[in-house]
Amino acid sequence: MIGFVHTALPGRVIFGHDTLPRVAEEAERSGFKRALVLTTPQQVDQGKAVLDLLGERGCTLFDGATMHTPVEVTERALSLLADHGADGLVSIGGGSTIGLGKALALRTGLDQIVIPTTYAGSEMTSILGETRDGKKTTLRSPDVLPETVIYDVSLTYGLPTAMSVTSGINAIAHAAEALYSAEVSPIIAMMAQEGIRTLVEALPSIAANPRDAAARDLALRGSWLCGTCLGSVDMALHHKLAHVLGGIFDLPHAELHTVLLPHALAYNLPAAPKATEQLRAVLGQDPATILRDLAVRLGAPSSLAALGMPRDGVDHATVAALQARYPNPRTLEEQGIRGLLERAWAGDAPR
Ligand code: NAD
């Protein structure tokens, strides 16, 4: 490569174990006097803990965040925000909660402090996916990029093992697709390789012992790197398939990424020799099979059928995947995409 363009997204990151209490000083630094705390019903205790830590700088908790950022939920949170005169946003949770924070930031211009508790990586992107009347659309805007991210490794101990594995592979997918993006720079490639390497090293240890501090630390740092890749360059076939299938069949996000990734890589890598070489350097000779074997070994689902997609959905998904316009290293051929989806549906080996 003789030249490249690298656009770094701004952001302040606090990383460590037991960093959650730093939310109070970060809120002060951000000038928050009445921050609204966001989370899901499942993480309400963590949301309350953040509100307690904020003390006078917090106003109230909205615990209704849910998958795919439905506009109705955003509107409910907006009205609570207005009722309390909130002047800042603090999100604690995975991509669903972070998505809600981004949707509110887009509409209000408020700053965000984000405390991620999964490996999805949304905190590092200026991407927001929202659902209106069952249809998900995605936008990129600097207005949704969180200003401050607090990574607290201790919060990830409670992420269930199965979710840790699939969320970790979701992160690997961001990095893998970044490697064959037309926009990839050597800096992003370095982050992508390191992100994949750390997650592949960490996930088996986490599956064996979810409280393995060193492995949790490694995985969260890996997810940060992979999220940065997602935020920096365009994604391709794998992410588009996940978007299309998730939208049509309402399939769980991280599990869907886990099932699709080996098949998308098997399709794309023959047309992406440099990315193949970079993936081989961190994974081994056959990246698609190695990632599938890792997922299966760690107990993750390996077929779209197991996620609840109907067999006759393959036709619909093939048409939708071909209709969407997106950059991809290999031309999208109907037969190839159909075959990929059929194998992913059945849980066959990637090829
Ligand atoms: P999620 O946020 O939906 O979380 C899944 C469940 O796990 C929730 O019930 C959550 O409360 C719970 N949970 C999260 N962390 C936990 C923890 N440490 N301990 C116990 N429970 C915990 O899942 P996700 O995979 O992080 O996010 C998926 C959503 O994020 C999707 O809607 C996806 O489109 C979006 N996403 C967006 C981007 C972006 O850049 N815009 C990037 C990645 C994902």
# chains A, B, ... in the order shown; residues from 1 in each chain; ligands from 1
$ residues_near_ligand --ligand "ligand 1" --cutoff "6 Å" --atoms "only C-alpha atoms and all ligand atoms" --output "PyMOL selection string"
chain A and resi 40+42-43+67-68+93-97+117-118+120-122+125+127-129+155-156+158-159+167+253-254
$ write_last_selection --atoms "N, CA and C atoms" --output "PDB file, in the first residue's frame"
ATOM      1  N   THR A  40     -31.329  -1.525  30.656  1.00  0.00           N
ATOM      2  CA  THR A  40     -32.439  -2.435  30.324  1.00  0.00           C
ATOM      3  C   THR A  40     -33.110  -2.896  31.625  1.00  0.00           C
ATOM      4  N   GLN A  42     -33.238  -5.818  32.609  1.00  0.00           N
ATOM      5  CA  GLN A  42     -32.379  -6.876  33.171  1.00  0.00           C
ATOM      6  C   GLN A  42     -31.203  -6.301  33.962  1.00  0.00           C
ATOM      7  N   GLN A  43     -30.855  -5.053  33.702  1.00  0.00           N
ATOM      8  CA  GLN A  43     -29.674  -4.472  34.375  1.00  0.00           C
ATOM      9  C   GLN A  43     -30.057  -3.309  35.291  1.00  0.00           C
ATOM     10  N   MET A  67     -33.734  -4.228  22.520  1.00  0.00           N
ATOM     11  CA  MET A  67     -33.055  -4.542  21.254  1.00  0.00           C
ATOM     12  C   MET A  67     -33.584  -3.684  20.091  1.00  0.00           C
ATOM     13  N   HIS A  68     -32.704  -3.276  19.199  1.00  0.00           N
ATOM     14  CA  HIS A  68     -33.025  -2.607  17.927  1.00  0.00           C
ATOM     15  C   HIS A  68     -33.557  -1.175  18.070  1.00  0.00           C
ATOM     16  N   GLY A  93     -24.758  -0.736  29.849  1.00  0.00           N
ATOM     17  CA  GLY A  93     -25.321  -1.943  29.246  1.00  0.00           C
ATOM     18  C   GLY A  93     -24.633  -2.295  27.939  1.00  0.00           C
ATOM     19  N   GLY A  94     -25.321  -3.115  27.171  1.00  0.00           N
ATOM     20  CA  GLY A  94     -24.790  -3.553  25.880  1.00  0.00           C
ATOM     21  C   GLY A  94     -25.257  -2.628  24.765  1.00  0.00           C
ATOM     22  N   GLY A  95     -25.200  -3.147  23.536  1.00  0.00           N
ATOM     23  CA  GLY A  95     -25.542  -2.342  22.372  1.00  0.00           C
ATOM     24  C   GLY A  95     -26.953  -1.786  22.404  1.00  0.00           C
ATOM     25  N   SER A  96     -27.881  -2.485  23.046  1.00  0.00           N
ATOM     26  CA  SER A  96     -29.269  -1.996  23.078  1.00  0.00           C
ATOM     27  C   SER A  96     -29.369  -0.715  23.894  1.00  0.00           C
ATOM     28  N   THR A  97     -28.764  -0.712  25.065  1.00  0.00           N
ATOM     29  CA  THR A  97     -28.805   0.483  25.916  1.00  0.00           C
ATOM     30  C   THR A  97     -28.005   1.622  25.279  1.00  0.00           C
ATOM     31  N   THR A 117     -21.151  -3.141  28.797  1.00  0.00           N
ATOM     32  CA  THR A 117     -21.073  -4.388  29.576  1.00  0.00           C
ATOM     33  C   THR A 117     -21.107  -5.628  28.692  1.00  0.00           C
ATOM     34  N   THR A 118     -21.073  -5.443  27.370  1.00  0.00           N
ATOM     35  CA  THR A 118     -20.918  -6.578  26.447  1.00  0.00           C
ATOM     36  C   THR A 118     -19.739  -6.248  25.533  1.00  0.00           C
ATOM     37  N   ALA A 120     -20.114  -5.845  22.154  1.00  0.00           N
ATOM     38  CA  ALA A 120     -20.681  -5.469  20.846  1.00  0.00           C
ATOM     39  C   ALA A 120     -19.967  -4.285  20.193  1.00  0.00           C
ATOM     40  N   GLY A 121     -19.432  -3.370  20.986  1.00  0.00           N
ATOM     41  CA  GLY A 121     -18.578  -2.313  20.427  1.00  0.00           C
ATOM     42  C   GLY A 121     -19.277  -1.038  19.983  1.00  0.00           C
ATOM     43  N   SER A 122     -20.581  -0.922  20.223  1.00  0.00           N
ATOM     44  CA  SER A 122     -21.320   0.260  19.750  1.00  0.00           C
ATOM     45  C   SER A 122     -20.757   1.563  20.309  1.00  0.00           C
ATOM     46  N   THR A 125     -18.566   3.687  17.985  1.00  0.00           N
ATOM     47  CA  THR A 125     -19.010   4.034  16.628  1.00  0.00           C
ATOM     48  C   THR A 125     -19.959   5.236  16.616  1.00  0.00           C
ATOM     49  N   ILE A 127     -22.466   5.068  14.648  1.00  0.00           N
ATOM     50  CA  ILE A 127     -23.555   4.394  13.930  1.00  0.00           C
ATOM     51  C   ILE A 127     -24.739   4.232  14.875  1.00  0.00           C
ATOM     52  N   LEU A 128     -25.925   4.493  14.353  1.00  0.00           N
ATOM     53  CA  LEU A 128     -27.143   4.250  15.133  1.00  0.00           C
ATOM     54  C   LEU A 128     -28.142   3.496  14.258  1.00  0.00           C
ATOM     55  N   GLY A 129     -28.610   2.357  14.760  1.00  0.00           N
ATOM     56  CA  GLY A 129     -29.690   1.625  14.088  1.00  0.00           C
ATOM     57  C   GLY A 129     -30.963   1.858  14.887  1.00  0.00           C
ATOM     58  N   LEU A 155     -17.579  -5.398  35.527  1.00  0.00           N
ATOM     59  CA  LEU A 155     -18.992  -5.484  35.135  1.00  0.00           C
ATOM     60  C   LEU A 155     -19.240  -6.633  34.164  1.00  0.00           C
ATOM     61  N   THR A 156     -18.182  -7.091  33.494  1.00  0.00           N
ATOM     62  CA  THR A 156     -18.383  -8.154  32.506  1.00  0.00           C
ATOM     63  C   THR A 156     -18.372  -9.552  33.135  1.00  0.00           C
ATOM     64  N   GLY A 158     -20.440 -10.688  35.080  1.00  0.00           N
ATOM     65  CA  GLY A 158     -21.835 -11.144  35.133  1.00  0.00           C
ATOM     66  C   GLY A 158     -22.429 -11.426  33.768  1.00  0.00           C
ATOM     67  N   LEU A 159     -21.685 -11.129  32.712  1.00  0.00           N
ATOM     68  CA  LEU A 159     -22.208 -11.424  31.368  1.00  0.00           C
ATOM     69  C   LEU A 159     -22.218 -12.948  31.207  1.00  0.00           C
ATOM     70  N   SER A 167     -21.096 -12.647  21.940  1.00  0.00           N
ATOM     71  CA  SER A 167     -20.782 -11.215  21.858  1.00  0.00           C
ATOM     72  C   SER A 167     -19.317 -11.026  21.435  1.00  0.00           C
ATOM     73  N   HIS A 253     -29.102 -10.804  18.055  1.00  0.00           N
ATOM     74  CA  HIS A 253     -27.989 -10.124  17.364  1.00  0.00           C
ATOM     75  C   HIS A 253     -26.657 -10.886  17.422  1.00  0.00           C
ATOM     76  N   ALA A 254     -26.163 -11.128  18.634  1.00  0.00           N
ATOM     77  CA  ALA A 254     -24.810 -11.695  18.757  1.00  0.00           C
ATOM     78  C   ALA A 254     -24.773 -13.141  18.230  1.00  0.00           C
TER      79      ALA A 254
END
$ select_by_dssp --residues "segment 113-223 of chain A" --states "strand (DSSP E)" --output "MDAnalysis selection string"
chainID A and resid 113:116 127:132 135:140 148:152
$ select_by_dssp --residues "segment 37-173 of chain A" --states "alpha helix (DSSP H)" --output "PDB file with N, CA and C atoms, in the first residue's frame"
ATOM      1  N   VAL A  44     -31.305  -3.375  35.774  1.00  0.00           N
ATOM      2  CA  VAL A  44     -31.805  -2.264  36.580  1.00  0.00           C
ATOM      3  C   VAL A  44     -30.938  -2.025  37.826  1.00  0.00           C
ATOM      4  N   ASP A  45     -30.405  -3.084  38.413  1.00  0.00           N
ATOM      5  CA  ASP A  45     -29.570  -2.892  39.614  1.00  0.00           C
ATOM      6  C   ASP A  45     -28.311  -2.099  39.287  1.00  0.00           C
ATOM      7  N   GLN A  46     -27.729  -2.412  38.129  1.00  0.00           N
ATOM      8  CA  GLN A  46     -26.532  -1.662  37.720  1.00  0.00           C
ATOM      9  C   GLN A  46     -26.894  -0.204  37.425  1.00  0.00           C
ATOM     10  N   GLY A  47     -28.079  -0.007  36.837  1.00  0.00           N
ATOM     11  CA  GLY A  47     -28.544   1.357  36.566  1.00  0.00           C
ATOM     12  C   GLY A  47     -28.704   2.137  37.866  1.00  0.00           C
ATOM     13  N   LYS A  48     -29.305   1.478  38.876  1.00  0.00           N
ATOM     14  CA  LYS A  48     -29.495   2.157  40.169  1.00  0.00           C
ATOM     15  C   LYS A  48     -28.146   2.468  40.819  1.00  0.00           C
ATOM     16  N   ALA A  49     -27.199   1.546  40.664  1.00  0.00           N
ATOM     17  CA  ALA A  49     -25.870   1.775  41.250  1.00  0.00           C
ATOM     18  C   ALA A  49     -25.224   3.020  40.617  1.00  0.00           C
ATOM     19  N   VAL A  50     -25.399   3.172  39.307  1.00  0.00           N
ATOM     20  CA  VAL A  50     -24.832   4.347  38.631  1.00  0.00           C
ATOM     21  C   VAL A  50     -25.510   5.620  39.133  1.00  0.00           C
ATOM     22  N   LEU A  51     -26.840   5.553  39.256  1.00  0.00           N
ATOM     23  CA  LEU A  51     -27.570   6.732  39.742  1.00  0.00           C
ATOM     24  C   LEU A  51     -27.087   7.110  41.150  1.00  0.00           C
ATOM     25  N   ASP A  52     -26.863   6.108  42.002  1.00  0.00           N
ATOM     26  CA  ASP A  52     -26.341   6.373  43.364  1.00  0.00           C
ATOM     27  C   ASP A  52     -24.965   7.022  43.288  1.00  0.00           C
ATOM     28  N   LEU A  53     -24.112   6.461  42.428  1.00  0.00           N
ATOM     29  CA  LEU A  53     -22.748   7.004  42.320  1.00  0.00           C
ATOM     30  C   LEU A  53     -22.753   8.452  41.817  1.00  0.00           C
ATOM     31  N   LEU A  54     -23.730   8.771  40.977  1.00  0.00           N
ATOM     32  CA  LEU A  54     -23.794  10.137  40.434  1.00  0.00           C
ATOM     33  C   LEU A  54     -24.241  11.138  41.498  1.00  0.00           C
ATOM     34  N   VAL A  71     -38.298   3.316  18.046  1.00  0.00           N
ATOM     35  CA  VAL A  71     -38.533   4.753  18.209  1.00  0.00           C
ATOM     36  C   VAL A  71     -39.515   5.024  19.354  1.00  0.00           C
ATOM     37  N   GLU A  72     -40.482   4.120  19.570  1.00  0.00           N
ATOM     38  CA  GLU A  72     -41.456   4.337  20.667  1.00  0.00           C
ATOM     39  C   GLU A  72     -40.732   4.383  22.007  1.00  0.00           C
ATOM     40  N   VAL A  73     -39.733   3.530  22.185  1.00  0.00           N
ATOM     41  CA  VAL A  73     -38.986   3.514  23.456  1.00  0.00           C
ATOM     42  C   VAL A  73     -38.187   4.813  23.590  1.00  0.00           C
ATOM     43  N   THR A  74     -37.583   5.240  22.501  1.00  0.00           N
ATOM     44  CA  THR A  74     -36.814   6.494  22.518  1.00  0.00           C
ATOM     45  C   THR A  74     -37.738   7.643  22.907  1.00  0.00           C
ATOM     46  N   GLU A  75     -38.976   7.625  22.371  1.00  0.00           N
ATOM     47  CA  GLU A  75     -39.900   8.727  22.673  1.00  0.00           C
ATOM     48  C   GLU A  75     -40.304   8.732  24.144  1.00  0.00           C
ATOM     49  N   ARG A  76     -40.459   7.550  24.712  1.00  0.00           N
ATOM     50  CA  ARG A  76     -40.789   7.490  26.157  1.00  0.00           C
ATOM     51  C   ARG A  76     -39.630   8.041  26.977  1.00  0.00           C
ATOM     52  N   ALA A  77     -38.412   7.650  26.598  1.00  0.00           N
ATOM     53  CA  ALA A  77     -37.236   8.136  27.333  1.00  0.00           C
ATOM     54  C   ALA A  77     -37.081   9.653  27.159  1.00  0.00           C
ATOM     55  N   LEU A  78     -37.411  10.129  25.949  1.00  0.00           N
ATOM     56  CA  LEU A  78     -37.313  11.577  25.679  1.00  0.00           C
ATOM     57  C   LEU A  78     -38.249  12.366  26.579  1.00  0.00           C
ATOM     58  N   SER A  79     -39.453  11.812  26.788  1.00  0.00           N
ATOM     59  CA  SER A  79     -40.396  12.571  27.601  1.00  0.00           C
ATOM     60  C   SER A  79     -39.948  12.563  29.071  1.00  0.00           C
ATOM     61  N   LEU A  80     -39.350  11.440  29.534  1.00  0.00           N
ATOM     62  CA  LEU A  80     -38.808  11.419  30.908  1.00  0.00           C
ATOM     63  C   LEU A  80     -37.659  12.433  31.029  1.00  0.00           C
ATOM     64  N   LEU A  81     -36.833  12.448  29.997  1.00  0.00           N
ATOM     65  CA  LEU A  81     -35.682  13.368  29.960  1.00  0.00           C
ATOM     66  C   LEU A  81     -36.157  14.827  30.085  1.00  0.00           C
ATOM     67  N   ALA A  82     -37.220  15.142  29.331  1.00  0.00           N
ATOM     68  CA  ALA A  82     -37.744  16.514  29.365  1.00  0.00           C
ATOM     69  C   ALA A  82     -38.377  16.811  30.728  1.00  0.00           C
ATOM     70  N   ASP A  83     -39.134  15.843  31.271  1.00  0.00           N
ATOM     71  CA  ASP A  83     -39.789  16.043  32.588  1.00  0.00           C
ATOM     72  C   ASP A  83     -38.772  16.382  33.662  1.00  0.00           C
ATOM     73  N   HIS A  84     -37.593  15.749  33.576  1.00  0.00           N
ATOM     74  CA  HIS A  84     -36.583  15.936  34.620  1.00  0.00           C
ATOM     75  C   HIS A  84     -35.545  16.993  34.258  1.00  0.00           C
ATOM     76  N   GLY A  95     -25.200  -3.147  23.536  1.00  0.00           N
ATOM     77  CA  GLY A  95     -25.542  -2.342  22.372  1.00  0.00           C
ATOM     78  C   GLY A  95     -26.953  -1.786  22.404  1.00  0.00           C
ATOM     79  N   SER A  96     -27.881  -2.485  23.046  1.00  0.00           N
ATOM     80  CA  SER A  96     -29.269  -1.996  23.078  1.00  0.00           C
ATOM     81  C   SER A  96     -29.369  -0.715  23.894  1.00  0.00           C
ATOM     82  N   THR A  97     -28.764  -0.712  25.065  1.00  0.00           N
ATOM     83  CA  THR A  97     -28.805   0.483  25.916  1.00  0.00           C
ATOM     84  C   THR A  97     -28.005   1.622  25.279  1.00  0.00           C
ATOM     85  N   ILE A  98     -26.858   1.267  24.737  1.00  0.00           N
ATOM     86  CA  ILE A  98     -26.013   2.297  24.114  1.00  0.00           C
ATOM     87  C   ILE A  98     -26.753   2.913  22.922  1.00  0.00           C
ATOM     88  N   GLY A  99     -27.496   2.069  22.182  1.00  0.00           N
ATOM     89  CA  GLY A  99     -28.289   2.566  21.048  1.00  0.00           C
ATOM     90  C   GLY A  99     -29.316   3.594  21.504  1.00  0.00           C
ATOM     91  N   LEU A 100     -29.967   3.327  22.637  1.00  0.00           N
ATOM     92  CA  LEU A 100     -30.952   4.282  23.150  1.00  0.00           C
ATOM     93  C   LEU A 100     -30.272   5.608  23.508  1.00  0.00           C
ATOM     94  N   GLY A 101     -29.115   5.519  24.157  1.00  0.00           N
ATOM     95  CA  GLY A 101     -28.376   6.743  24.498  1.00  0.00           C
ATOM     96  C   GLY A 101     -28.038   7.545  23.243  1.00  0.00           C
ATOM     97  N   LYS A 102     -27.625   6.825  22.186  1.00  0.00           N
ATOM     98  CA  LYS A 102     -27.276   7.504  20.934  1.00  0.00           C
ATOM     99  C   LYS A 102     -28.510   8.174  20.315  1.00  0.00           C
ATOM    100  N   ALA A 103     -29.639   7.460  20.372  1.00  0.00           N
ATOM    101  CA  ALA A 103     -30.871   8.010  19.784  1.00  0.00           C
ATOM    102  C   ALA A 103     -31.277   9.287  20.526  1.00  0.00           C
ATOM    103  N   LEU A 104     -31.080   9.305  21.843  1.00  0.00           N
ATOM    104  CA  LEU A 104     -31.417  10.501  22.625  1.00  0.00           C
ATOM    105  C   LEU A 104     -30.415  11.616  22.339  1.00  0.00           C
ATOM    106  N   ALA A 105     -29.146  11.264  22.204  1.00  0.00           N
ATOM    107  CA  ALA A 105     -28.122  12.271  21.905  1.00  0.00           C
ATOM    108  C   ALA A 105     -28.410  12.930  20.549  1.00  0.00           C
ATOM    109  N   LEU A 106     -28.846  12.116  19.590  1.00  0.00           N
ATOM    110  CA  LEU A 106     -29.160  12.647  18.257  1.00  0.00           C
ATOM    111  C   LEU A 106     -30.269  13.695  18.335  1.00  0.00           C
ATOM    112  N   ARG A 107     -31.262  13.413  19.193  1.00  0.00           N
ATOM    113  CA  ARG A 107     -32.432  14.300  19.256  1.00  0.00           C
ATOM    114  C   ARG A 107     -32.238  15.503  20.178  1.00  0.00           C
ATOM    115  N   THR A 108     -31.281  15.413  21.109  1.00  0.00           N
ATOM    116  CA  THR A 108     -31.158  16.482  22.107  1.00  0.00           C
ATOM    117  C   THR A 108     -29.815  17.208  22.071  1.00  0.00           C
ATOM    118  N   THR A 161     -22.007 -16.786  30.236  1.00  0.00           N
ATOM    119  CA  THR A 161     -20.972 -17.389  29.386  1.00  0.00           C
ATOM    120  C   THR A 161     -21.396 -17.443  27.915  1.00  0.00           C
ATOM    121  N   ALA A 162     -22.625 -17.911  27.675  1.00  0.00           N
ATOM    122  CA  ALA A 162     -23.072 -18.053  26.285  1.00  0.00           C
ATOM    123  C   ALA A 162     -23.057 -16.701  25.581  1.00  0.00           C
ATOM    124  N   MET A 163     -23.520 -15.683  26.274  1.00  0.00           N
ATOM    125  CA  MET A 163     -23.561 -14.334  25.686  1.00  0.00           C
ATOM    126  C   MET A 163     -22.130 -13.782  25.520  1.00  0.00           C
ATOM    127  N   SER A 164     -21.245 -14.141  26.446  1.00  0.00           N
ATOM    128  CA  SER A 164     -19.852 -13.680  26.328  1.00  0.00           C
ATOM    129  C   SER A 164     -19.239 -14.220  25.038  1.00  0.00           C
ATOM    130  N   VAL A 165     -19.500 -15.504  24.771  1.00  0.00           N
ATOM    131  CA  VAL A 165     -18.924 -16.140  23.581  1.00  0.00           C
ATOM    132  C   VAL A 165     -19.488 -15.501  22.313  1.00  0.00           C
ATOM    133  N   THR A 166     -20.811 -15.383  22.228  1.00  0.00           N
ATOM    134  CA  THR A 166     -21.398 -14.858  20.985  1.00  0.00           C
ATOM    135  C   THR A 166     -21.098 -13.359  20.834  1.00  0.00           C
ATOM    136  N   SER A 167     -21.096 -12.647  21.940  1.00  0.00           N
ATOM    137  CA  SER A 167     -20.782 -11.215  21.858  1.00  0.00           C
ATOM    138  C   SER A 167     -19.317 -11.026  21.435  1.00  0.00           C
ATOM    139  N   GLY A 168     -18.443 -11.896  21.931  1.00  0.00           N
ATOM    140  CA  GLY A 168     -17.026 -11.840  21.540  1.00  0.00           C
ATOM    141  C   GLY A 168     -16.864 -12.126  20.053  1.00  0.00           C
ATOM    142  N   ILE A 169     -17.636 -13.079  19.534  1.00  0.00           N
ATOM    143  CA  ILE A 169     -17.522 -13.394  18.100  1.00  0.00           C
ATOM    144  C   ILE A 169     -18.161 -12.265  17.267  1.00  0.00           C
ATOM    145  N   ASN A 170     -19.192 -11.626  17.807  1.00  0.00           N
ATOM    146  CA  ASN A 170     -19.760 -10.433  17.168  1.00  0.00           C
ATOM    147  C   ASN A 170     -18.643  -9.376  17.004  1.00  0.00           C
ATOM    148  N   ALA A 171     -17.840  -9.209  18.037  1.00  0.00           N
ATOM    149  CA  ALA A 171     -16.726  -8.246  17.963  1.00  0.00           C
ATOM    150  C   ALA A 171     -15.713  -8.680  16.902  1.00  0.00           C
ATOM    151  N   ILE A 172     -15.389  -9.972  16.887  1.00  0.00           N
ATOM    152  CA  ILE A 172     -14.427 -10.488  15.897  1.00  0.00           C
ATOM    153  C   ILE A 172     -14.929 -10.187  14.472  1.00  0.00           C
ATOM    154  N   ALA A 173     -16.245 -10.267  14.291  1.00  0.00           N
ATOM    155  CA  ALA A 173     -16.815 -10.006  12.958  1.00  0.00           C
ATOM    156  C   ALA A 173     -16.522  -8.574  12.502  1.00  0.00           C
TER     157      ALA A 173
END
$ closest_residue --among "A:Thr148, A:Ser30, A:Asn328, A:Thr318" --to "Ala272 of chain A" --atoms "only C-alpha atoms"
A:Asn328
$ residues_around --residues "Pro186 of chain A" --least-positions-apart "3" --cutoff "10 Å" --atoms "only C-alpha atoms" --output "PyMOL selection string"
chain A and resi 1+3-6+179+189-192
$ write_last_selection --atoms "C-alpha atoms" --output "PDB file, in the first residue's frame"
ATOM      1  CA  MET A   1       0.000   0.000   0.000  1.00  0.00           C
ATOM      2  CA  GLY A   3      -0.918   5.661   0.808  1.00  0.00           C
ATOM      3  CA  PHE A   4      -4.073   5.659   2.863  1.00  0.00           C
ATOM      4  CA  VAL A   5      -6.612   7.812   4.661  1.00  0.00           C
ATOM      5  CA  HIS A   6      -7.225   7.200   8.358  1.00  0.00           C
ATOM      6  CA  LEU A 179      -9.620  -6.198   7.084  1.00  0.00           C
ATOM      7  CA  ALA A 189      -5.603  -3.532  10.236  1.00  0.00           C
ATOM      8  CA  MET A 190      -3.297  -3.588  13.268  1.00  0.00           C
ATOM      9  CA  MET A 191      -6.238  -2.984  15.606  1.00  0.00           C
ATOM     10  CA  ALA A 192      -8.294  -5.630  13.823  1.00  0.00           C
TER      11      ALA A 192
END
$ residues_around --residues "Ala219 of chain A" --least-positions-apart "5" --cutoff "7 Å" --atoms "only C-alpha atoms" --output "JSON, numbers by chain"
{"A": [198, 199, 202]}
$ residues_around --residues "Ala214 of chain A" --least-positions-apart "4" --cutoff "12 Å" --atoms "only C-alpha atoms" --output "MDAnalysis selection string"
chainID A and resid 16:17 153:154 156:157 198:199 201:203 205:206 209:210 218:221
$ write_last_selection --atoms "C-alpha atoms" --output "PDB file, in the first residue's frame"
ATOM      1  CA  GLY A  16      -9.662  -0.848  34.197  1.00  0.00           C
ATOM      2  CA  HIS A  17     -11.148  -3.008  36.938  1.00  0.00           C
ATOM      3  CA  VAL A 153     -13.835  -5.179  33.439  1.00  0.00           C
ATOM      4  CA  SER A 154     -15.582  -6.203  36.686  1.00  0.00           C
ATOM      5  CA  THR A 156     -18.383  -8.154  32.506  1.00  0.00           C
ATOM      6  CA  TYR A 157     -18.034 -10.990  35.064  1.00  0.00           C
ATOM      7  CA  THR A 198      -7.090 -11.123  22.109  1.00  0.00           C
ATOM      8  CA  LEU A 199     -10.676 -12.324  21.811  1.00  0.00           C
ATOM      9  CA  GLU A 201      -7.279 -16.100  23.294  1.00  0.00           C
ATOM     10  CA  ALA A 202      -9.743 -14.891  25.942  1.00  0.00           C
ATOM     11  CA  LEU A 203     -13.007 -16.614  25.023  1.00  0.00           C
ATOM     12  CA  SER A 205     -10.781 -19.072  29.323  1.00  0.00           C
ATOM     13  CA  ILE A 206     -13.994 -17.108  29.919  1.00  0.00           C
ATOM     14  CA  ASN A 209     -14.282 -19.580  34.174  1.00  0.00           C
ATOM     15  CA  PRO A 210     -16.447 -16.473  33.631  1.00  0.00           C
ATOM     16  CA  LEU A 218      -8.220  -9.163  27.431  1.00  0.00           C
ATOM     17  CA  ALA A 219     -11.685  -9.633  25.925  1.00  0.00           C
ATOM     18  CA  LEU A 220     -12.879  -6.148  26.816  1.00  0.00           C
ATOM     19  CA  ARG A 221      -9.745  -4.579  25.351  1.00  0.00           C
TER      20      ARG A 221
END
$ atom_distance --atom1 "atom CA of Pro262 of chain A" --atom2 "atom CA of Leu341 of chain A"
11.3 Å
$ atom_distance --atom1 "atom CA of Ala35 of chain A" --atom2 "atom CA of Leu20 of chain A"
15.4 Å
$ residues_around --residues "Leu251 of chain A" --least-positions-apart "3" --cutoff "9 Å" --atoms "only C-alpha atoms" --output "compact mmCIF listing (two decimals) with N, CA and C atoms, in the first residue's frame"
# COMPACT_ATOMS: atom_id res chain seq x y z
N ALA A 242 -26.42 -9.94 8.45
CA ALA A 242 -26.91 -9.92 9.83
C ALA A 242 -28.04 -8.89 9.96
N LEU A 245 -31.22 -10.37 7.96
CA LEU A 245 -31.85 -11.52 8.64
C LEU A 245 -32.42 -11.10 9.99
N GLY A 246 -31.67 -10.26 10.71
CA GLY A 246 -32.15 -9.79 12.01
C GLY A 246 -33.46 -9.04 11.84
N GLY A 247 -33.53 -8.21 10.79
CA GLY A 247 -34.73 -7.41 10.56
C GLY A 247 -35.91 -8.28 10.15
N ILE A 248 -35.70 -9.22 9.22
CA ILE A 248 -36.84 -10.00 8.71
C ILE A 248 -37.33 -11.00 9.76
N GLU A 255 -25.82 -13.90 18.50
CA GLU A 255 -25.90 -15.29 18.03
C GLU A 255 -25.92 -15.33 16.50
N LEU A 256 -26.66 -14.41 15.92
CA LEU A 256 -26.77 -14.35 14.46
C LEU A 256 -25.39 -14.07 13.84
N LEU A 304 -28.75 -21.22 11.60
CA LEU A 304 -29.85 -20.25 11.64
C LEU A 304 -31.13 -20.95 12.06
N LEU A 307 -31.62 -20.74 15.62
CA LEU A 307 -31.99 -19.40 16.10
C LEU A 307 -33.47 -19.09 15.81
N GLY A 308 -34.12 -20.01 15.06
CA GLY A 308 -35.56 -19.83 14.83
C GLY A 308 -35.90 -19.32 13.43
N MET A 309 -34.94 -19.30 12.52
CA MET A 309 -35.27 -18.86 11.15
C MET A 309 -35.94 -20.01 10.39
$ residues_around --residues "Tyr151 of chain A" --least-positions-apart "5" --cutoff "7 Å" --atoms "only C-alpha atoms" --output "PDB file with N, CA and C atoms, in the first residue's frame"
ATOM      1  N   ILE A  14     -11.756   5.456  29.678  1.00  0.00           N
ATOM      2  CA  ILE A  14     -11.214   5.066  30.982  1.00  0.00           C
ATOM      3  C   ILE A  14     -11.319   3.549  31.017  1.00  0.00           C
ATOM      4  N   PHE A  15     -10.216   2.863  31.249  1.00  0.00           N
ATOM      5  CA  PHE A  15     -10.229   1.390  31.199  1.00  0.00           C
ATOM      6  C   PHE A  15      -9.631   0.829  32.481  1.00  0.00           C
ATOM      7  N   GLY A  16     -10.259  -0.182  33.041  1.00  0.00           N
ATOM      8  CA  GLY A  16      -9.662  -0.848  34.197  1.00  0.00           C
ATOM      9  C   GLY A  16     -10.671  -1.728  34.916  1.00  0.00           C
ATOM     10  N   ILE A 115     -21.040   3.151  29.573  1.00  0.00           N
ATOM     11  CA  ILE A 115     -20.364   2.103  30.341  1.00  0.00           C
ATOM     12  C   ILE A 115     -20.774   0.757  29.719  1.00  0.00           C
ATOM     13  N   PRO A 116     -19.965   0.239  28.782  1.00  0.00           N
ATOM     14  CA  PRO A 116     -20.361  -0.974  28.050  1.00  0.00           C
ATOM     15  C   PRO A 116     -20.211  -2.231  28.920  1.00  0.00           C
TER      16      PRO A 116
END
$ atom_distance --atom1 "atom CA of Asp63 of chain A" --atom2 "atom CA of Asp143 of chain A"
22.7 Å
